[in-house]
Every structure is written in C-alpha cells, then in structure tokens.
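Structure file final29.txt; described as compact mmCIF, C-alpha atoms.
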```txt
# COMPACT_ATOMS: atom_id res chain seq x y z
CA MET A 602 -144.47 120.28 213.10
CA ALA A 603 -142.18 117.23 213.09
CA TRP A 604 -141.31 115.59 209.79
CA PRO A 605 -142.90 112.18 209.15
CA VAL A 606 -140.59 109.30 210.00
CA ARG A 607 -140.54 108.18 206.37
CA TYR A 608 -138.97 111.50 205.34
CA LYS A 609 -136.24 111.08 207.94
CA LEU A 610 -135.61 107.54 206.68
CA VAL A 611 -135.25 108.81 203.12
CA GLY A 612 -132.83 111.46 204.36
CA LEU A 613 -130.75 108.79 206.06
CA LEU A 614 -130.74 106.75 202.85
CA ALA A 615 -129.60 109.82 200.91
CA THR A 616 -126.73 110.27 203.38
CA GLY A 617 -125.87 106.58 202.93
CA SER A 618 -125.76 106.91 199.15
CA MET A 619 -123.55 109.97 199.61
CA ILE A 620 -121.02 107.90 201.56
CA ASN A 621 -121.43 105.03 199.10
CA TYR A 622 -120.43 107.18 196.15
CA ALA A 623 -117.65 108.99 197.96
CA ASP A 624 -116.09 105.57 198.58
CA ARG A 625 -116.21 104.70 194.90
CA VAL A 626 -115.03 107.98 193.34
CA ASN A 627 -112.27 108.82 195.83
CA ILE A 628 -109.84 106.66 193.88
CA SER A 629 -110.65 108.46 190.62
CA VAL A 630 -109.90 111.85 192.22
CA ALA A 631 -106.67 110.51 193.71
CA ALA A 632 -105.76 108.69 190.47
CA PRO A 633 -103.37 111.33 189.00
CA VAL A 634 -101.32 111.32 192.23
CA MET A 635 -101.54 107.54 192.65
CA MET A 636 -100.39 106.94 189.06
CA ALA A 637 -97.30 109.06 189.66
CA ALA A 638 -96.57 107.43 193.04
CA LEU A 639 -97.14 103.82 191.97
CA GLY A 640 -95.91 104.04 188.37
CA TRP A 641 -99.22 102.75 186.92
CA ASP A 642 -100.55 104.27 183.67
CA GLU A 643 -104.11 105.02 182.44
CA ALA A 644 -104.54 101.50 181.09
CA ARG A 645 -103.88 99.95 184.51
CA PHE A 646 -106.20 102.40 186.24
CA GLY A 647 -108.86 101.62 183.67
CA LEU A 648 -108.62 98.00 184.85
CA ILE A 649 -108.82 99.09 188.49
CA PHE A 650 -111.98 101.10 187.78
CA SER A 651 -113.46 98.15 185.91
CA ALA A 652 -112.57 95.71 188.72
CA PHE A 653 -114.77 97.78 191.03
CA LEU A 654 -117.56 97.77 188.46
CA LEU A 655 -117.31 94.01 187.96
CA GLY A 656 -117.90 93.48 191.68
CA TYR A 657 -120.56 96.18 191.65
CA THR A 658 -122.47 94.40 188.90
CA LEU A 659 -122.36 90.84 190.23
CA LEU A 660 -124.59 91.24 193.30
CA GLN A 661 -127.08 93.77 191.92
CA PHE A 662 -129.75 91.21 191.11
CA PRO A 663 -129.04 88.72 193.94
CA GLY A 664 -128.90 91.67 196.33
CA GLY A 665 -132.30 92.86 195.13
CA VAL A 666 -133.81 89.40 195.59
CA ILE A 667 -132.37 89.18 199.12
CA ALA A 668 -133.70 92.65 199.96
CA ASP A 669 -137.19 91.67 198.75
CA ARG A 670 -137.28 88.53 200.89
CA TRP A 671 -135.13 89.22 203.98
CA ASN A 672 -134.75 92.04 206.48
CA THR A 673 -133.86 94.92 204.17
CA CYS A 674 -132.45 97.11 206.95
CA ARG A 675 -129.91 94.46 207.86
CA VAL A 676 -128.99 93.94 204.21
CA ILE A 677 -128.23 97.68 203.90
CA ALA A 678 -126.21 97.60 207.14
CA LEU A 679 -124.14 94.61 205.99
CA ALA A 680 -123.43 96.32 202.68
CA CYS A 681 -122.16 99.48 204.42
CA ALA A 682 -119.97 97.48 206.81
CA GLY A 683 -118.42 95.57 203.90
CA PHE A 684 -117.61 98.45 201.57
CA SER A 685 -116.29 100.58 204.46
CA LEU A 686 -113.93 97.78 205.50
CA PHE A 687 -112.50 97.29 202.01
CA THR A 688 -112.22 101.04 201.50
CA ALA A 689 -109.97 101.12 204.56
CA LEU A 690 -107.91 98.27 203.06
CA THR A 691 -107.41 100.00 199.69
CA PRO A 692 -103.92 101.41 200.52
CA LEU A 693 -102.68 97.82 200.87
CA GLY A 694 -103.26 97.50 197.13
CA ALA A 695 -100.07 99.48 196.58
CA LEU A 696 -98.17 96.28 197.45
CA ALA A 697 -99.28 94.57 194.24
CA PHE A 698 -101.46 95.43 191.25
CA GLY A 699 -103.43 92.18 191.58
CA LEU A 700 -104.17 92.93 195.24
CA MET A 701 -105.49 96.38 194.29
CA LEU A 702 -107.79 94.77 191.73
CA LEU A 703 -109.11 92.34 194.36
CA ILE A 704 -109.73 95.03 197.00
CA ARG A 705 -111.57 97.34 194.61
CA PHE A 706 -113.59 94.35 193.36
CA CYS A 707 -114.70 93.72 196.96
CA VAL A 708 -115.63 97.39 197.49
CA GLY A 709 -117.88 97.08 194.45
CA LEU A 710 -119.29 93.73 195.57
CA PHE A 711 -120.62 95.15 198.85
CA GLU A 712 -121.77 98.44 197.34
CA SER A 713 -123.79 96.58 194.69
CA VAL A 714 -126.40 95.49 197.23
CA SER A 715 -127.19 99.01 198.45
CA PHE A 716 -129.35 100.65 195.78
CA PRO A 717 -131.64 97.67 195.01
CA ALA A 718 -132.17 97.39 198.78
CA TYR A 719 -133.01 101.12 198.95
CA ALA A 720 -135.69 100.55 196.29
CA ALA A 721 -137.13 97.58 198.20
CA LEU A 722 -137.21 99.51 201.48
CA ASN A 723 -138.88 102.54 199.89
CA ALA A 724 -141.56 100.27 198.39
CA ARG A 725 -142.48 99.31 201.97
CA TRP A 726 -142.27 102.81 203.44
CA ILE A 727 -143.39 105.26 200.74
CA PRO A 728 -146.86 105.91 199.23
CA ARG A 729 -146.97 105.42 195.46
CA TYR A 730 -147.59 109.12 194.75
CA GLU A 731 -144.31 109.97 196.55
CA TYR A 732 -142.25 107.00 195.39
CA GLY A 733 -140.47 108.59 192.42
CA ARG A 734 -139.33 111.56 194.48
CA ALA A 735 -138.37 109.45 197.51
CA GLN A 736 -136.40 106.96 195.46
CA THR A 737 -134.45 109.59 193.55
CA ILE A 738 -133.76 111.57 196.74
CA SER A 739 -132.46 108.35 198.31
CA LEU A 740 -130.07 107.97 195.38
CA SER A 741 -129.29 111.68 195.04
CA GLY A 742 -126.72 111.48 197.79
CA SER A 743 -124.56 109.76 195.20
CA HIS A 744 -124.00 113.12 193.51
CA LEU A 745 -123.55 114.98 196.79
CA GLY A 746 -120.99 112.33 197.71
CA GLN A 747 -119.07 113.11 194.56
CA ALA A 748 -119.38 116.84 195.20
CA VAL A 749 -117.87 116.44 198.66
CA ALA A 750 -115.34 113.83 197.56
CA TYR A 751 -113.76 116.00 194.86
CA PRO A 752 -112.48 118.90 197.03
CA LEU A 753 -112.07 116.78 200.19
CA THR A 754 -110.04 114.09 198.41
CA ALA A 755 -107.95 116.69 196.58
CA TRP A 756 -107.25 118.45 199.90
CA LEU A 757 -106.40 115.21 201.74
CA VAL A 758 -104.07 114.11 198.94
CA SER A 759 -102.35 117.51 198.77
CA THR A 760 -102.12 118.00 202.55
CA PHE A 761 -101.43 114.47 203.76
CA SER A 762 -101.15 111.51 201.36
CA TRP A 763 -103.37 109.46 199.10
CA PRO A 764 -103.85 106.58 201.63
CA THR A 765 -105.39 109.06 204.12
CA VAL A 766 -108.36 109.48 201.76
CA PHE A 767 -109.47 105.87 202.18
CA TYR A 768 -109.06 105.82 205.97
CA VAL A 769 -111.22 108.95 206.36
CA ASN A 770 -113.95 107.62 204.06
CA ALA A 771 -114.07 104.29 205.90
CA LEU A 772 -114.45 106.07 209.25
CA ILE A 773 -117.39 108.11 207.96
CA GLY A 774 -119.06 104.91 206.76
CA GLY A 775 -118.74 103.40 210.22
CA ILE A 776 -120.39 106.43 211.83
CA TRP A 777 -123.34 106.21 209.41
CA LEU A 778 -123.72 102.49 210.12
CA VAL A 779 -124.22 103.19 213.84
CA ALA A 780 -126.88 105.83 213.06
CA TRP A 781 -128.67 103.47 210.65
CA LEU A 782 -128.85 100.58 213.10
CA SER A 783 -130.16 102.96 215.78
CA PHE A 784 -133.01 104.42 213.69
CA ALA A 785 -134.18 102.29 210.75
CA THR A 786 -136.70 99.44 210.74
CA ASN A 787 -137.88 97.13 208.00
CA THR A 788 -141.49 98.35 207.91
CA PRO A 789 -143.48 101.30 209.32
CA ALA A 790 -145.34 98.94 211.67
CA GLU A 791 -142.05 98.07 213.42
CA HIS A 792 -140.95 101.67 214.01
CA PRO A 793 -141.80 103.05 217.47
CA ARG A 794 -141.96 106.67 216.27
CA VAL A 795 -144.42 106.19 213.38
CA SER A 796 -147.79 107.72 214.27
CA ALA A 797 -151.06 105.95 213.55
CA ALA A 798 -151.93 108.63 210.97
CA GLU A 799 -148.66 108.21 209.09
CA ARG A 800 -148.98 104.45 209.12
CA ARG A 801 -152.50 104.68 207.66
CA GLU A 802 -151.28 107.10 204.98
CA ILE A 803 -148.52 104.70 203.93
CA GLU A 804 -150.69 101.59 203.96
CA MET A 805 -153.61 103.20 202.09
CA HIS A 806 -151.45 104.48 199.23
CA ALA A 807 -148.74 101.82 199.02
CA ALA A 808 -148.43 99.95 195.74
CA PRO A 809 -150.00 96.49 196.31
CA ARG A 810 -147.31 93.87 196.98
CA THR A 811 -149.00 91.14 194.97
CA ALA A 812 -146.96 88.94 192.68
CA PRO A 813 -147.70 88.93 188.95
CA SER A 814 -148.59 85.63 187.38
CA GLY A 815 -145.55 83.46 186.84
CA SER A 816 -142.22 83.07 188.59
CA LEU A 817 -139.60 85.70 189.36
CA TRP A 818 -137.54 84.48 186.41
CA GLU A 819 -140.51 84.98 184.09
CA VAL A 820 -140.91 88.51 185.43
CA LEU A 821 -137.26 89.32 184.72
CA ARG A 822 -137.54 87.88 181.20
CA SER A 823 -140.59 89.99 180.43
CA PRO A 824 -140.09 92.48 177.57
CA GLN A 825 -140.64 95.53 179.78
CA VAL A 826 -137.95 94.58 182.29
CA LEU A 827 -135.51 93.83 179.47
CA LEU A 828 -136.26 97.06 177.61
CA LEU A 829 -136.02 99.13 180.79
CA SER A 830 -132.67 97.49 181.56
CA LEU A 831 -131.40 98.16 178.03
CA ALA A 832 -132.32 101.84 178.23
CA TYR A 833 -130.72 102.19 181.65
CA LEU A 834 -127.59 100.38 180.45
CA CYS A 835 -127.14 102.91 177.67
CA VAL A 836 -127.60 105.88 180.02
CA VAL A 837 -125.29 104.58 182.74
CA TYR A 838 -122.48 103.81 180.26
CA GLY A 839 -121.81 107.53 179.91
CA LEU A 840 -122.42 108.40 183.54
CA TRP A 841 -119.78 105.94 184.73
CA MET A 842 -117.35 107.23 182.11
CA ILE A 843 -117.69 110.77 183.45
CA ILE A 844 -117.72 109.75 187.12
CA LEU A 845 -114.46 107.79 186.91
CA TRP A 846 -112.49 109.68 184.28
CA LEU A 847 -113.59 113.31 184.81
CA PRO A 848 -110.75 114.17 187.23
CA THR A 849 -108.08 112.77 184.89
CA TYR A 850 -109.76 114.38 181.87
CA LEU A 851 -109.80 117.81 183.50
CA VAL A 852 -106.13 117.53 184.50
CA SER A 853 -104.66 115.75 181.46
CA ALA A 854 -106.84 116.94 178.57
CA ARG A 855 -108.01 120.35 179.76
CA GLY A 856 -104.93 121.41 181.72
CA PHE A 857 -106.42 122.17 185.14
CA SER A 858 -104.34 121.72 188.29
CA VAL A 859 -105.27 118.98 190.77
CA GLN A 860 -106.62 121.49 193.29
CA THR A 861 -108.60 123.40 190.66
CA MET A 862 -109.95 120.11 189.35
CA GLY A 863 -111.08 119.27 192.87
CA TRP A 864 -113.29 122.37 192.93
CA LEU A 865 -114.42 122.31 189.32
CA GLY A 866 -115.42 118.66 189.67
CA ILE A 867 -118.16 119.79 192.06
CA ILE A 868 -120.10 121.53 189.27
CA PRO A 869 -121.00 118.47 187.14
CA THR A 870 -121.77 116.43 190.24
CA ILE A 871 -124.10 119.10 191.67
CA ALA A 872 -125.78 119.24 188.26
CA GLY A 873 -126.21 115.47 188.40
CA PHE A 874 -127.74 115.77 191.88
CA ALA A 875 -130.22 118.38 190.63
CA GLY A 876 -131.06 116.16 187.67
CA VAL A 877 -131.74 112.97 189.59
CA VAL A 878 -133.92 114.71 192.21
CA SER A 879 -135.77 116.68 189.53
CA GLY A 880 -136.37 113.51 187.51
CA GLY A 881 -138.21 111.73 190.31
CA THR A 882 -140.09 114.88 191.34
CA LEU A 883 -141.12 115.66 187.75
CA SER A 884 -142.38 112.12 187.28
CA ASP A 885 -144.49 112.27 190.46
CA VAL A 886 -145.87 115.73 189.60
CA LEU A 887 -146.91 114.62 186.10
CA LEU A 888 -148.60 111.56 187.58
CA ARG A 889 -150.52 113.63 190.14
CA CYS A 890 -151.54 116.14 187.44
CA GLY A 891 -153.34 113.41 185.53
CA TYR A 892 -150.82 112.50 182.85
CA GLY A 893 -150.66 108.83 181.89
CA THR A 894 -148.20 106.55 183.62
CA ARG A 895 -146.28 106.01 180.40
CA PHE A 896 -145.71 109.70 179.75
CA ALA A 897 -144.95 110.55 183.39
CA ARG A 898 -142.61 107.63 184.08
CA ALA A 899 -140.99 107.03 180.67
CA GLN A 900 -141.64 109.41 177.78
CA ALA A 901 -141.03 112.76 179.48
CA PRO A 902 -137.71 111.51 180.97
CA ALA A 903 -136.76 110.11 177.55
CA LEU A 904 -136.97 113.57 175.99
CA CYS A 905 -134.51 114.84 178.61
CA VAL A 906 -132.10 112.01 177.76
CA LEU A 907 -132.21 112.86 174.05
CA LEU A 908 -131.46 116.51 174.78
CA GLY A 909 -128.20 115.37 176.39
CA VAL A 910 -126.78 114.01 173.10
CA PRO A 911 -125.71 117.30 171.46
CA VAL A 912 -124.54 118.60 174.83
CA ILE A 913 -122.05 115.77 175.45
CA LEU A 914 -120.70 116.18 171.91
CA ALA A 915 -120.18 119.88 172.54
CA ALA A 916 -118.25 119.05 175.73
CA ALA A 917 -115.73 117.07 173.68
CA PHE A 918 -115.25 119.51 170.83
CA VAL A 919 -115.45 123.04 172.26
CA PRO A 920 -111.95 124.58 172.47
CA TRP A 921 -112.60 126.50 175.71
CA ARG A 922 -112.03 124.38 178.80
CA GLU A 923 -114.47 126.31 181.01
CA LEU A 924 -117.22 125.87 178.42
CA SER A 925 -116.41 122.16 178.28
CA VAL A 926 -117.03 121.92 182.04
CA ALA A 927 -120.34 123.76 181.57
CA CYS A 928 -121.40 121.32 178.84
CA LEU A 929 -120.42 118.34 180.99
CA SER A 930 -122.53 119.79 183.80
CA LEU A 931 -125.59 120.21 181.58
CA TYR A 932 -125.12 116.67 180.26
CA MET A 933 -125.01 115.31 183.82
CA PHE A 934 -128.23 117.18 184.63
CA LEU A 935 -130.13 115.91 181.58
CA ALA A 936 -128.87 112.32 181.68
CA ASN A 937 -129.67 112.02 185.39
CA LEU A 938 -133.04 113.69 184.90
CA GLY A 939 -133.99 110.85 182.56
CA GLY A 940 -132.00 108.05 184.14
CA GLY A 941 -133.21 108.82 187.66
CA ALA A 942 -136.81 108.35 186.54
CA CYS A 943 -135.97 104.75 185.60
CA TRP A 944 -135.92 103.93 189.32
CA ALA A 945 -139.64 104.78 189.64
CA ILE A 946 -140.63 102.21 186.99
CA PRO A 947 -139.96 98.91 188.87
CA VAL A 948 -142.67 99.74 191.43
CA GLU A 949 -145.12 100.15 188.53
CA LEU A 950 -144.11 96.81 186.99
CA SER A 951 -144.24 94.70 190.17
CA PRO A 952 -144.11 96.18 193.71
CA LYS A 953 -143.41 92.77 195.25
CA HIS A 954 -140.33 92.32 193.06
CA VAL A 955 -139.15 95.94 193.07
CA GLY A 956 -135.76 95.06 194.61
CA ALA A 957 -135.10 92.27 192.11
CA ILE A 958 -136.17 94.37 189.09
CA SER A 959 -134.18 97.37 190.33
CA GLY A 960 -131.14 95.16 190.88
CA PHE A 961 -131.49 93.60 187.43
CA MET A 962 -131.82 97.05 185.84
CA ASN A 963 -128.90 98.52 187.77
CA GLY A 964 -126.81 95.42 187.11
CA ALA A 965 -127.39 95.85 183.39
CA GLY A 966 -126.42 99.50 183.63
CA ASN A 967 -123.21 98.76 185.42
CA LEU A 968 -122.36 95.95 183.04
CA ALA A 969 -121.75 98.72 180.50
CA GLY A 970 -119.76 100.52 183.17
CA ILE A 971 -117.33 97.60 183.41
CA PHE A 972 -116.26 97.99 179.80
CA GLY A 973 -116.74 101.74 179.42
CA PRO A 974 -114.01 103.03 181.75
CA MET A 975 -111.69 100.20 180.75
CA SER A 976 -112.09 100.88 177.01
CA ALA A 977 -111.65 104.62 177.58
CA GLY A 978 -108.42 103.97 179.45
CA PHE A 979 -106.99 101.83 176.66
CA LEU A 980 -108.15 104.24 173.93
CA VAL A 981 -106.62 107.27 175.61
CA ALA A 982 -103.41 105.40 176.48
CA ALA A 983 -103.05 104.27 172.85
CA THR A 984 -104.07 107.46 171.04
CA GLY A 985 -103.85 110.30 173.55
CA ASN A 986 -107.25 111.44 172.22
CA TRP A 987 -110.29 111.88 174.48
CA THR A 988 -112.79 112.37 171.61
CA PHE A 989 -113.63 108.68 171.09
CA PRO A 990 -115.05 108.06 174.59
CA PHE A 991 -117.35 111.07 174.20
CA LEU A 992 -118.61 109.82 170.82
CA ALA A 993 -119.46 106.47 172.41
CA ILE A 994 -121.43 108.21 175.17
CA ALA A 995 -123.45 110.19 172.59
CA ALA A 996 -124.27 107.09 170.52
CA LEU A 997 -125.52 105.03 173.48
CA LEU A 998 -127.42 107.98 174.94
CA SER A 999 -129.34 108.22 171.66
CA VAL A 1000 -130.28 104.55 171.87
CA ALA A 1001 -131.40 104.98 175.49
CA GLY A 1002 -133.71 107.89 174.69
CA LEU A 1003 -135.35 106.14 171.75
CA VAL A 1004 -135.92 102.86 173.61
CA PHE A 1005 -137.22 104.69 176.67
CA TYR A 1006 -139.64 106.82 174.63
CA PHE A 1007 -141.03 104.31 172.15
CA LEU A 1008 -140.75 100.89 173.82
CA VAL A 1009 -140.85 101.12 177.63
CA VAL A 1010 -144.45 100.77 178.92
CA PRO A 1011 -144.62 100.97 182.76
CA VAL A 1012 -147.78 98.94 183.54
CA PRO A 1013 -148.09 95.88 185.82
CA ILE A 1014 -146.47 92.80 184.32
CA GLU A 1015 -148.75 89.94 183.34
CA ILE A 1016 -146.98 86.68 182.52
CA ALA A 1017 -149.88 84.31 182.03
CA ALA A 1018 -152.60 84.88 179.46
CA ARG A 1019 -153.74 88.42 180.00
CA ALA A 1020 -157.24 89.15 181.15
CA PRO A 1021 -159.24 91.64 179.05
CA GLU A 1022 -158.75 94.26 181.79
CA ALA A 1023 -154.96 93.95 181.56
CA GLU A 1024 -155.02 94.24 177.77
CA ALA A 1025 -157.15 97.37 178.11
CA ALA A 1026 -154.63 98.83 180.59
CA VAL A 1027 -151.81 98.32 178.11
CA ARG A 1028 -153.80 99.97 175.31
CA VAL A 1029 -154.58 102.93 177.54
CA ALA A 1030 -150.91 103.26 178.55
CA ASP A 1031 -149.84 103.07 174.90
CA SER A 1032 -152.22 105.89 174.01
CA THR A 1033 -151.01 108.25 176.74
```

Will you turn the file into structure tokens for me?
Amino acid sequence: MAWPVRYKLVGLLATGSMINYADRVNISVAAPVMMAALGWDEARFGLIFSAFLLGYTLLQFPGGVIADRWNTCRVIALACAGFSLFTALTPLGALAFGLMLLIRFCVGLFESVSFPAYAALNARWIPRYEYGRAQTISLSGSHLGQAVAYPLTAWLVSTFSWPTVFYVNALIGGIWLVAWLSFATNTPAEHPRVSAAERREIEMHAAPRTAPSGSLWEVLRSPQVLLLSLAYLCVVYGLWMIILWLPTYLVSARGFSVQTMGWLGIIPTIAGFAGVVSGGTLSDVLLRCGYGTRFARAQAPALCVLLGVPVILAAAFVPWRELSVACLSLYMFLANLGGGACWAIPVELSPKHVGAISGFMNGAGNLAGIFGPMSAGFLVAATGNWTFPFLAIAALLSVAGLVFYFLVVPVPIEIAARAPEAEAAVRVADST
C-alpha cells in the first residue's frame, strides 16, 4: 500500500532540514582546522558563529508571516537556494574576517525562513492529531544533518581541505531543491497525486484556519505567545551552545582527535534526533489518549526539560571523557524531547498564524543563540575553562522547564473580550 502523499512531503521536509543543519554546523566541525589555517582564535570563531545566528534570527518572524500569506512551497525553495549559494561562497571568507562574517550572516538569513515555513506548510497538509509528530519529524532532519556532517566534514577536511566541505554541502542543497520543486505543492488540493480519501481526511481533521480576534500584532503580544517564546529561548540557548562548540570542546577540553571527534559527535546528535521525534510523537499520543491539551503539549515536555538540568551539569564535571559524551547525549535527548514539543503549540494557539507564531518563537530562541556561542568563545579564550558555559545552560534550562510547566497554556488565543465559552476552555485547560 502506497504511503499517503502527506507522509512523503514530511519526509522531503525532513531531508531539507537535514541539509539545512549540515550547512550550519559544517563550519563548527571544520573550526579546529580552520583556526590553525587562518590564524583565528576561539574569540573570532565565536563571532563567526554569532554572525550566522544574527542572520538566522532576523527573518524568523517575517519569514513566518510571508509563509502564512504567500506560496509556502516557493518560500521554502527560495530559502534553500539562498543558503546553498552562500554556503558555496564561504571559502571566500578566508580573504578577510569581515567578509567571513558577512557570508555566514547571509547563510543564516536564508536559513531563518525555513522552519517557520515548514510549520505553515504542515498546518495546511497535516491533520491536527498528527501535527505534533509531523512537525517534529520535519525538523528532526536537523539532527540527522549533524550526524552526517560530523564524520563527513571530518573526512573531507582530513582527506581534501576545509573549503571542499562547503562546496559539497552546497551541491547537495541544489539537488534537494530540484526534487522539492518537482514534488511539493502549497495545499493538498493542488497536488495531482493526492487521493480523494486523503484529501477528505486532511480537510476533516485540519485545525480551523480562522483568525483570533484582533490583529496579528495583538496575537504576538498575547501572554501565551510571549511565555512560549521565553521557554523556547531558554531551551535553545543550550542547544546552540552544544551544536556549535561541541567539536572544539571534544578536541580541546576532552582531548579527542579530530577524526575521533567526527565519529563521537554523532552520538549526541542522534540522541537529539530521537528526542525531537519522540517529543512530537509523545505529545500526539497523550492527546489521542484523552489527556488535556495543556498536559500533552506543555507539562509533560516540561518535565523532560527539567530532567536535563542535572545531566548537563554532570557532563561538565565528570572526569571521564567518555562519560561526559554520554551525559551530553542524554541532555540532547531530554532537551529536544521538551523543546521539540514547543513546535506543536502554535497550531493550538492560532492555526491561521502558525507560521508567524513559530517564527516569533524560533526567533526568540535563536536570539539567545546569538549571544550564547559568542559569550562561550570569549569566556573560554579568557579563562581556558569550559565549566561556565555549562553552568549557564543548566540555569536557563531550569527557567525553561518551570515556565513551560506552570505558565504556558496552549488554548486558542482570544484578544477581544472573551466569551464565556472561551473562559471555560481556559479553566478546563488549567485544570488538566
């Protein structure tokens, strides 16, 4: 029996997120070799990482708004074309530090549109009872991309040269772009291979794309969007720190070789993949089993986030380097288990604005990422001690879990005076 078209579309999105992340982490895997070749220290590379994140943050919300209102498939295609082009141009950054900052900023700028657009497209294609799983599978390729990028980048650097890494990644992005333009459509009704039965299934169970009372700006200023964004910000702070500095940490602080690091780096990224997929699946399963929306979408994931706090502290302080890698892997699983579930909440708040809310949330998360890797670079360059970045991750992860558990209430947003039915819905959600 053939898979439904929507499953194939989600698989293509997962492959796209895999390429997306490979293009952003390749420079962190190549960083030890690039630093030696270019004569740039950890502080400069912290700025390079943060330049990417600055660009990555700027278009999150505008990209989500565009994806909600325009042809989402074309938005995703344009994003892939842009970040693949600037990935290919990255070796030119060796000519000048400022040029490297500009190129990596542009890679981030184009990549920033992708994930909010994925959320908007899934809101059109996926029934509500499958949305959490579909959305996290779409994003799960990010961890597979890291898993592939670690050994592949290490091998390309060791066998050829560091510029080869960026040329290969750009070529792969171009191949995916051709496949995307050949298969994807903006809605199920436009796709020639969608059966009548699948189309009915999607349309009957889709979250209603009706706007809440008030403007888009009022929706984004609502307490639930702001609290969700705060919780996600605190989770993503640590994830970006590990994503960008793990290769250097394993080589410089734990004494692994570059090639060994390339293979060991797979373990935390595979754990992150398992976490993000499990988070969306767990949320959907709890919802289908009759648990309240608040527990399924927010409180259960929050408990997973809080469990990650002692684990990340152990990763910093255990004397055995192999055990440190194991702790980092468990942290990546737990943090992604909780953080991945955040992506299922925008469709509960406002399906019509899911791209804008997702972009706002992800933009807030990556705002922390701008300063996290940069501050870690300066701290390590000044002190030679990797403990402080891990302490910061633990502190913000605690805040994320508490906000997510006690304050985030995933029910439809009402801006104007609430009707009695809406007030009752909030009370019911608060009690579950």

Work out how far apart CA of Ala724 in chain A and CA of Val749 in chain A are and give it in Å to one decimal.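 Computed distance, CA of Ala724 in chain A to CA of Val749 in chain A, equals 28.7 Å.
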
Write out as a list in words each polymer residue whose atoms come within 10 Å of Thr786 in chain A, counting all atoms listed in the file; drop sequence neighbours fewer than 2 positions from it.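 Result of the neighbour search: Leu610, Asn672, Thr673, Cys674, Arg675, Leu722, Trp726, Trp781, Leu782, Ser783, Phe784, Thr788, Pro789, Ala790, Glu791, His792 and Pro793 of chain A.
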
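Distances here use all atoms listed in the file; by that measure, the residue among A:Arg607, A:His954, A:Arg895, A:Arg645 closest to Asn723 in chain A is A:Arg607.
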
Would you compute the distance between CA of Gly876 in chain A and CA of Met933 in chain A? Give it in Å to one decimal.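 So the answer is 7.2 Å.
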
So for range 771-785 of chain A, what box centre and size do we get, axis-aligned, 4 Å extra on each of the six sides, every listed atom, Å to one decimal, as lines of an AutoDock Vina configuration file?
```
center_x = -124.1
center_y = 104.3
center_z = 210.8
size_x = 28.1
size_y = 15.5
size_z = 17.9
```

Point-to-point distance from CA of Ile620 in chain A to CA of Gly746 in chain A, Å rounded to tenths: 5.9 Å

Under the rule that only C-alpha atoms are counted, which of A:Leu851, A:Val878, A:Leu828, A:Ile958 is the nearest residue to Gly1002 in chain A?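 Of A:Leu851, A:Val878, A:Leu828, A:Ile958, the one nearest Gly1002 in chain A, counting only C-alpha atoms, is A:Leu828.
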
Cut-off 9 Å around (-143.0, 108.8, 211.3) with all atoms listed in the file: residues as a list in words: Ala603, Trp604, Pro605, Val606, Arg607, Tyr608, Lys609, Leu610, Pro789, His792, Pro793, Arg794, Val795, Ser796, Ala797, Ala798, Glu799 and Arg800 of chain A
